[in-house]
Amino acid sequence: MNDKLLVETAVLAGEIMLISGAEIFRVEDTIDHILRKAGRNTAEAIVFSTGIFASLNDPSIEAITVARRGTVRNTNLNRVYLVNDVSRKLCADLMTVEEAFEGLKEIRKTVQFHKRLKDMGFMGVAVFFTLLLGGNARDCVAAAVTGAVLAVAMEISQKIRLNDFCANAFCAFLIALTTLFLERWGLPGIKSDIIIIGAIMPLVPGVIFTTAIRDTLNGDYASGTARIVEAVVIALAVAAGVGAGMGLYQWLAGGYFIW
C-alpha cells in the first residue's frame with residue numbers, strides 16, 4: 001500500500017468534511033480510520049477549525065506528516081455524507097486507496113444544486129419565513145423580490161471575493177435597503193420588519209452555532225470556541241448590515257435628496 005497516498009487520502013477526506021461543516025470529532029474519527037488501514041505503529045490526526053495535521057510513522061518507514069489549512073467554509077452536509085461513504089468502503093476493502101482518492105477529488109468538485117435553483121431557494125426561504133411570521137400576499141411578493149436581491153448580492157460577494165464579515169454585512173445591507181424602498185415606493189403597506197427577518201434567514205449561522213456546541217460538548221474546546229466566535233461575528237455582520245441599510249434609507253428618505 002502506498003502510505004503517502006493513504007495519508008493524502010485521509011487528509012483530503014478530512015479537509016472536505018471540515019470545510020463542509022462537519023464536527024471536529026467526526027473529522028478526526030474519519031482520518032484515524034483511514035490512517036489505520038496502513039497498519040503502522042503511529043497514526044495520529046489533530047484537527048482544528050481551520051486546519052488539519054496528520055502523521056503516519058513506523059520504524060520501517062520514514063515518517064509522513066501532512067498539514068492542510070481549510071480557508072473557505074460552506075455548510076454542505078451532502079459532502080459529509082459522501083465522504084463518510086467513501087471512508088467506509090475504503091475501510092471495508094470495497095475500494096482501493098487510488099479509487100478512494102479519485103472519488104474524494106470528485107466529491108470536492110461536486111455541486112449538489114444548480115446555481116439558479118439555489119437562487120430560487122433564497123427566494124423561497126424569504127417568502128415562507130414571511131408567511132410564518134404572519135405576512136400576507138403583498139408581503140410575500142416583497143419577500144420574493146428581497147430574496148432575489150440577496151441571491152444577486154451573494155453572487156457579487158463571491159465574484160469580488162469579500163471576506164465572510166463583509167459579504168454578510170453587504171447582503172444584509174441590501175436586504176434592508178431593498179425592503180424599505182419597496183415599502184415606500186413599490187408596495188406601500190407591507191410589513192418591512194418581518195420581510196427583513198425572513199430574508200436574512202439564509203445568513204443566520206444556525207448550523208455553525210449547533211456544530212460549535214457539539215464540538216464543545218465533545219471536549220474540542222478550542223474548535224468549539226472558534227466556531228462560536230465565528231457564529232457571533234456573522235450575526236454581528238448581519239446586524240450591522242441591516243442597521244446600515246436602515247440608516248442610509250432614513251438619510252436618503254429624510255429630505256437630503258428629492259425623489
# chains A, B, ... in the order shown; residues from 1 in each chain; ligands from 1
call {"tool": "closest_atom_pairs", "arguments": {"of": "segment 96-149 of chain A", "to": "segment 157-180 of chain A", "cutoff": "12 Å", "atoms": "only C-alpha atoms", "output": "CSV"}}
result
residue,atom,partner,partner_atom,distance
A:Phe122,CA,A:Ile175,CA,11.8
A:Met123,CA,A:Ile175,CA,11.8
A:Ala126,CA,A:Ile175,CA,10.5
A:Asp139,CA,A:Thr179,CA,9.9
A:Cys140,CA,A:Thr179,CA,11.5
A:Val141,CA,A:Thr179,CA,10.9
A:Ala142,CA,A:Thr179,CA,7.1
A:Ala143,CA,A:Thr179,CA,7.9
A:Ala144,CA,A:Thr179,CA,10.4
A:Val145,CA,A:Thr178,CA,8.4
A:Thr146,CA,A:Ile175,CA,5.9
A:Gly147,CA,A:Ile175,CA,7.8
A:Ala148,CA,A:Ile175,CA,9.5
A:Val149,CA,A:Ile175,CA,6.9
call {"tool": "select_by_dssp", "arguments": {"residues": "segment 8-241 of chain A", "states": "alpha helix (DSSP H)", "output": "VMD selection string"}}
result
chain A and resid 8 to 19 24 to 35 77 to 91 97 to 109 115 to 132 137 to 159 164 to 181 192 to 199 206 to 217 221 to 241
call {"tool": "residues_around", "arguments": {"residues": "segment 131-135 of chain A", "least_positions_apart": "5", "cutoff": "9 Å", "atoms": "only C-alpha atoms", "output": "JSON list (two decimals) with N, CA, C and O atoms, in the first residue's frame"}}
result
[["chain", "number", "residue", "atom", "x", "y", "z"],
["A", 126, "ALA", "N", -37.17, 33.30, 2.03],
["A", 126, "ALA", "CA", -37.70, 34.62, 2.40],
["A", 126, "ALA", "C", -39.22, 34.62, 2.41],
["A", 126, "ALA", "O", -39.86, 35.15, 3.34],
["A", 140, "CYS", "N", -45.40, 38.66, 0.83],
["A", 140, "CYS", "CA", -44.68, 37.55, 0.18],
["A", 140, "CYS", "C", -44.07, 37.98, -1.14],
["A", 140, "CYS", "O", -42.96, 37.56, -1.50],
["A", 190, "ILE", "N", -46.67, 47.20, 3.21],
["A", 190, "ILE", "CA", -46.10, 45.90, 3.56],
["A", 190, "ILE", "C", -45.42, 45.99, 4.93],
["A", 190, "ILE", "O", -45.06, 47.06, 5.40],
["A", 191, "LYS", "N", -45.23, 44.83, 5.55],
["A", 191, "LYS", "CA", -44.60, 44.76, 6.88],
["A", 191, "LYS", "C", -43.09, 44.57, 6.69],
["A", 191, "LYS", "O", -42.61, 43.44, 6.55],
["A", 194, "ILE", "N", -40.97, 42.06, 9.25],
["A", 194, "ILE", "CA", -40.98, 40.61, 9.09],
["A", 194, "ILE", "C", -40.35, 40.19, 7.76],
["A", 194, "ILE", "O", -39.79, 39.09, 7.66],
["A", 195, "ILE", "N", -40.41, 41.05, 6.76],
["A", 195, "ILE", "CA", -39.78, 40.73, 5.47],
["A", 195, "ILE", "C", -38.27, 40.71, 5.63],
["A", 195, "ILE", "O", -37.58, 39.81, 5.13],
["A", 197, "ILE", "N", -36.63, 40.13, 8.42],
["A", 197, "ILE", "CA", -36.30, 38.95, 9.23],
["A", 197, "ILE", "C", -36.32, 37.69, 8.38],
["A", 197, "ILE", "O", -35.42, 36.83, 8.47],
["A", 198, "GLY", "N", -37.34, 37.54, 7.54],
["A", 198, "GLY", "CA", -37.43, 36.36, 6.69],
["A", 198, "GLY", "C", -36.30, 36.28, 5.68],
["A", 198, "GLY", "O", -35.76, 35.20, 5.43]]
call {"tool": "closest_atom_pairs", "arguments": {"of": "segment 121-218 of chain A", "to": "segment 21-26 of chain A", "cutoff": "8 Å", "atoms": "only C-alpha atoms", "output": "CSV"}}
result
residue,atom,partner,partner_atom,distance
A:Val207,CA,A:Gly21,CA,7.8
A:Ile208,CA,A:Gly21,CA,7.1
A:Thr211,CA,A:Glu23,CA,5.9
A:Ala212,CA,A:Glu23,CA,7.8
A:Arg214,CA,A:Glu23,CA,7.1
A:Asp215,CA,A:Glu23,CA,6.1
A:Asn218,CA,A:Phe25,CA,7.2
call {"tool": "atom_distance", "arguments": {"atom1": "atom CA of Gly14 of chain A", "atom2": "atom CA of Ile52 of chain A"}}
result
7.5 Å
call {"tool": "select_by_dssp", "arguments": {"residues": "segment 16-211 of chain A", "states": "strand (DSSP E)", "output": "CSV table (one decimal) with all heavy atoms, in the first residue's frame"}}
result
chain,number,residue,atom,x,y,z
A,42,THR,N,2.2,4.2,14.5
A,42,THR,CA,1.7,5.5,14.9
A,42,THR,C,0.9,6.1,13.8
A,42,THR,O,1.3,6.2,12.6
A,42,THR,CB,2.9,6.5,15.2
A,42,THR,OG1,3.7,6.0,16.2
A,42,THR,CG2,2.3,7.9,15.7
A,43,ALA,N,-0.4,6.4,14.1
A,43,ALA,CA,-1.3,7.1,13.1
A,43,ALA,C,-2.1,8.1,13.9
A,43,ALA,O,-2.9,7.7,14.7
A,43,ALA,CB,-2.2,6.1,12.5
A,44,GLU,N,-1.7,9.4,13.7
A,44,GLU,CA,-2.3,10.4,14.5
A,44,GLU,C,-2.9,11.5,13.6
A,44,GLU,O,-2.4,11.8,12.6
A,44,GLU,CB,-1.3,11.1,15.5
A,44,GLU,CG,-0.7,10.1,16.5
A,44,GLU,CD,-1.7,9.8,17.6
A,44,GLU,OE1,-2.7,10.5,17.7
A,44,GLU,OE2,-1.4,8.9,18.4
A,45,ALA,N,-4.0,12.1,14.1
A,45,ALA,CA,-4.6,13.2,13.4
A,45,ALA,C,-5.1,14.2,14.4
A,45,ALA,O,-5.7,13.9,15.5
A,45,ALA,CB,-5.8,12.7,12.6
A,46,ILE,N,-4.7,15.5,14.2
A,46,ILE,CA,-5.2,16.6,15.1
A,46,ILE,C,-5.9,17.6,14.2
A,46,ILE,O,-5.3,18.0,13.2
A,46,ILE,CB,-4.0,17.3,15.8
A,46,ILE,CG1,-3.2,16.3,16.7
A,46,ILE,CG2,-4.5,18.4,16.6
A,46,ILE,CD1,-2.0,16.9,17.3
A,47,VAL,N,-7.1,17.9,14.5
A,47,VAL,CA,-7.9,18.7,13.7
A,47,VAL,C,-8.4,20.0,14.5
A,47,VAL,O,-8.8,19.8,15.6
A,47,VAL,CB,-9.2,18.0,13.1
A,47,VAL,CG1,-10.0,18.9,12.3
A,47,VAL,CG2,-8.7,16.7,12.4
A,48,PHE,N,-8.2,21.1,13.9
A,48,PHE,CA,-8.7,22.4,14.4
A,48,PHE,C,-9.8,22.9,13.5
A,48,PHE,O,-9.9,22.4,12.4
A,48,PHE,CB,-7.6,23.4,14.7
A,48,PHE,CG,-6.6,22.9,15.6
A,48,PHE,CD1,-5.4,22.4,15.1
A,48,PHE,CD2,-6.8,23.0,17.0
A,48,PHE,CE1,-4.4,21.9,16.0
A,48,PHE,CE2,-5.8,22.5,17.9
A,48,PHE,CZ,-4.6,22.0,17.4
A,51,GLY,N,-7.6,23.9,10.4
A,51,GLY,CA,-6.5,23.2,9.8
A,51,GLY,C,-6.5,21.7,10.3
A,51,GLY,O,-7.1,21.4,11.3
A,52,ILE,N,-5.7,20.9,9.6
A,52,ILE,CA,-5.6,19.5,9.9
A,52,ILE,C,-4.1,19.1,9.9
A,52,ILE,O,-3.3,19.6,9.0
A,52,ILE,CB,-6.3,18.6,8.8
A,52,ILE,CG1,-7.8,18.9,8.8
A,52,ILE,CG2,-6.0,17.2,9.0
A,52,ILE,CD1,-8.5,18.3,7.6
A,53,PHE,N,-3.7,18.3,10.9
A,53,PHE,CA,-2.3,17.8,10.9
A,53,PHE,C,-2.5,16.2,11.0
A,53,PHE,O,-3.1,15.8,12.0
A,53,PHE,CB,-1.6,18.3,12.1
A,53,PHE,CG,-1.4,19.8,12.1
A,53,PHE,CD1,-2.3,20.6,12.7
A,53,PHE,CD2,-0.2,20.3,11.5
A,53,PHE,CE1,-2.1,22.0,12.7
A,53,PHE,CE2,-0.1,21.7,11.5
A,53,PHE,CZ,-1.0,22.5,12.1
A,54,ALA,N,-1.9,15.5,10.1
A,54,ALA,CA,-1.9,14.1,10.1
A,54,ALA,C,-0.5,13.5,10.0
A,54,ALA,O,0.3,14.0,9.2
A,54,ALA,CB,-2.8,13.6,9.0
A,55,SER,N,-0.3,12.4,10.8
A,55,SER,CA,1.1,11.8,10.8
A,55,SER,C,1.0,10.3,10.7
A,55,SER,O,0.1,9.7,11.4
A,55,SER,CB,1.8,12.3,12.0
A,55,SER,OG,3.1,11.7,12.0
A,56,LEU,N,1.9,9.7,10.0
A,56,LEU,CA,2.0,8.2,9.9
A,56,LEU,C,3.5,7.9,10.1
A,56,LEU,O,4.3,8.4,9.4
A,56,LEU,CB,1.5,7.7,8.6
A,56,LEU,CG,1.2,6.2,8.4
A,56,LEU,CD1,0.1,5.8,9.3
A,56,LEU,CD2,0.9,5.9,7.0
A,57,ASN,N,3.7,7.0,11.1
A,57,ASN,CA,5.1,6.7,11.4
A,57,ASN,C,5.3,5.2,11.8
A,57,ASN,O,4.3,4.6,12.4
A,57,ASN,CB,5.6,7.6,12.5
A,57,ASN,CG,7.1,7.6,12.6
A,57,ASN,OD1,7.8,7.1,11.8
A,57,ASN,ND2,7.7,8.1,13.8
A,58,ASP,N,6.5,4.7,11.6
A,58,ASP,CA,6.8,3.3,11.9
A,58,ASP,C,8.3,3.1,11.7
A,58,ASP,O,8.9,3.8,10.9
A,58,ASP,CB,6.0,2.4,10.9
A,58,ASP,CG,6.0,0.9,11.4
A,58,ASP,OD1,5.1,0.5,12.1
A,58,ASP,OD2,7.0,0.2,11.0
A,61,ILE,N,9.6,2.8,8.1
A,61,ILE,CA,9.4,3.8,7.1
A,61,ILE,C,9.8,5.1,7.6
A,61,ILE,O,10.0,5.3,8.8
A,61,ILE,CB,7.9,3.9,6.6
A,61,ILE,CG1,7.0,4.4,7.8
A,61,ILE,CG2,7.4,2.6,6.1
A,61,ILE,CD1,5.6,4.8,7.4
A,62,GLU,N,10.0,6.0,6.7
A,62,GLU,CA,10.3,7.4,7.1
A,62,GLU,C,8.9,8.1,7.4
A,62,GLU,O,7.9,7.9,6.8
A,62,GLU,CB,10.9,8.2,5.9
A,62,GLU,CG,11.3,9.6,6.3
A,62,GLU,CD,12.1,10.3,5.1
A,62,GLU,OE1,12.4,9.6,4.1
A,62,GLU,OE2,12.3,11.5,5.2
A,63,ALA,N,8.9,8.9,8.5
A,63,ALA,CA,7.7,9.5,9.0
A,63,ALA,C,7.1,10.3,7.9
A,63,ALA,O,7.8,11.1,7.2
A,63,ALA,CB,8.0,10.3,10.2
A,64,ILE,N,5.8,10.3,7.8
A,64,ILE,CA,5.0,11.1,6.8
A,64,ILE,C,4.1,12.0,7.6
A,64,ILE,O,3.3,11.5,8.4
A,64,ILE,CB,4.2,10.2,5.9
A,64,ILE,CG1,5.1,9.2,5.2
A,64,ILE,CG2,3.4,11.0,4.9
A,64,ILE,CD1,4.3,8.1,4.4
A,65,THR,N,4.2,13.3,7.4
A,65,THR,CA,3.3,14.3,8.1
A,65,THR,C,2.8,15.2,7.0
A,65,THR,O,3.5,15.7,6.2
A,65,THR,CB,4.1,15.0,9.1
A,65,THR,OG1,4.7,14.1,10.1
A,65,THR,CG2,3.2,16.0,9.8
A,66,VAL,N,1.5,15.4,7.1
A,66,VAL,CA,0.8,16.3,6.2
A,66,VAL,C,0.0,17.3,7.0
A,66,VAL,O,-0.7,17.0,7.9
A,66,VAL,CB,-0.1,15.6,5.2
A,66,VAL,CG1,-0.9,16.5,4.3
A,66,VAL,CG2,0.7,14.6,4.4
A,67,ALA,N,0.1,18.6,6.6
A,67,ALA,CA,-0.7,19.7,7.2
A,67,ALA,C,-1.5,20.3,6.1
A,67,ALA,O,-1.0,20.6,5.0
A,67,ALA,CB,0.2,20.7,7.9
A,68,ARG,N,-2.8,20.6,6.4
A,68,ARG,CA,-3.7,21.2,5.4
A,68,ARG,C,-4.5,22.3,6.1
A,68,ARG,O,-5.1,22.0,7.2
A,68,ARG,CB,-4.6,20.1,4.8
A,68,ARG,CG,-5.3,20.5,3.6
A,68,ARG,CD,-4.4,20.7,2.4
A,68,ARG,NE,-3.6,19.6,2.1
A,68,ARG,CZ,-3.9,18.5,1.5
A,68,ARG,NH1,-5.1,18.3,1.1
A,68,ARG,NH2,-3.0,17.5,1.3
A,69,ARG,N,-4.6,23.4,5.5
A,69,ARG,CA,-5.4,24.5,6.1
A,69,ARG,C,-6.7,24.6,5.3
A,69,ARG,O,-6.7,24.6,4.1
A,69,ARG,CB,-4.6,25.8,6.0
A,69,ARG,CG,-5.4,27.1,6.5
A,69,ARG,CD,-4.5,28.3,6.5
A,69,ARG,NE,-5.3,29.5,6.8
A,69,ARG,CZ,-5.6,29.8,8.1
A,69,ARG,NH1,-5.2,29.1,9.1
A,69,ARG,NH2,-6.3,30.9,8.3
call {"tool": "atom_distance", "arguments": {"atom1": "atom CA of Val86 of chain A", "atom2": "atom CA of Val7 of chain A"}}
result
14.7 Å
call {"tool": "residues_around", "arguments": {"residues": "Thr75 of chain A", "least_positions_apart": "2", "cutoff": "10 Å", "atoms": "only C-alpha atoms", "output": "NGL selection string"}}
result
:A and (17-22 or 73 or 77-80 or 205 or 207-208)
call {"tool": "atom_distance", "arguments": {"atom1": "atom CA of Leu5 of chain A", "atom2": "atom CA of Val97 of chain A"}}
result
7.3 Å
call {"tool": "closest_residue", "arguments": {"among": "A:Val72, A:Val27, A:Ile213, A:Leu104", "to": "Thr9 of chain A", "atoms": "only C-alpha atoms"}}
result
A:Leu104
call {"tool": "closest_residue", "arguments": {"among": "A:Glu230, A:Asp85, A:Glu183, A:Asp193", "to": "Arg138 of chain A", "atoms": "only C-alpha atoms"}}
result
A:Glu183
call {"tool": "residues_around", "arguments": {"residues": "Leu6 of chain A", "least_positions_apart": "4", "cutoff": "7 Å", "atoms": "only C-alpha atoms", "output": "list in words"}}
result
Asn2, Ala10, Leu35 and Val97 of chain A
call {"tool": "write_last_selection", "arguments": {"atoms": "all heavy atoms", "output": "short mmCIF file (atom, residue, chain, number, x, y, z; two decimals), in the first residue's frame"}}
result
data_model
loop_
_atom_site.label_atom_id
_atom_site.label_comp_id
_atom_site.auth_asym_id
_atom_site.auth_seq_id
_atom_site.Cartn_x
_atom_site.Cartn_y
_atom_site.Cartn_z
N ASN A 2 0.47 2.22 -0.78
CA ASN A 2 1.20 3.49 -0.86
C ASN A 2 0.84 4.35 0.35
O ASN A 2 -0.24 4.93 0.42
CB ASN A 2 0.82 4.20 -2.17
CG ASN A 2 1.67 5.43 -2.42
OD1 ASN A 2 2.16 6.06 -1.49
ND2 ASN A 2 1.84 5.78 -3.69
N ALA A 10 -6.51 10.46 3.43
CA ALA A 10 -7.11 10.73 4.74
C ALA A 10 -7.26 12.23 4.98
O ALA A 10 -8.30 12.70 5.45
CB ALA A 10 -6.26 10.10 5.84
N LEU A 35 -6.23 6.20 8.24
CA LEU A 35 -4.80 6.02 8.52
C LEU A 35 -4.49 4.63 9.08
O LEU A 35 -3.42 4.07 8.81
CB LEU A 35 -4.32 7.09 9.51
CG LEU A 35 -4.25 8.52 8.98
CD1 LEU A 35 -3.79 9.47 10.09
CD2 LEU A 35 -3.31 8.63 7.78
N VAL A 97 -7.13 2.44 -2.38
CA VAL A 97 -6.76 3.79 -1.98
C VAL A 97 -6.82 4.72 -3.18
O VAL A 97 -7.28 5.88 -3.07
CB VAL A 97 -5.35 3.81 -1.36
CG1 VAL A 97 -4.95 5.23 -0.99
CG2 VAL A 97 -5.30 2.93 -0.13
#
call {"tool": "closest_residue", "arguments": {"among": "A:Arg88, A:Ala226, A:Leu252, A:Ser192", "to": "Asn136 of chain A", "atoms": "only C-alpha atoms"}}
result
A:Ser192
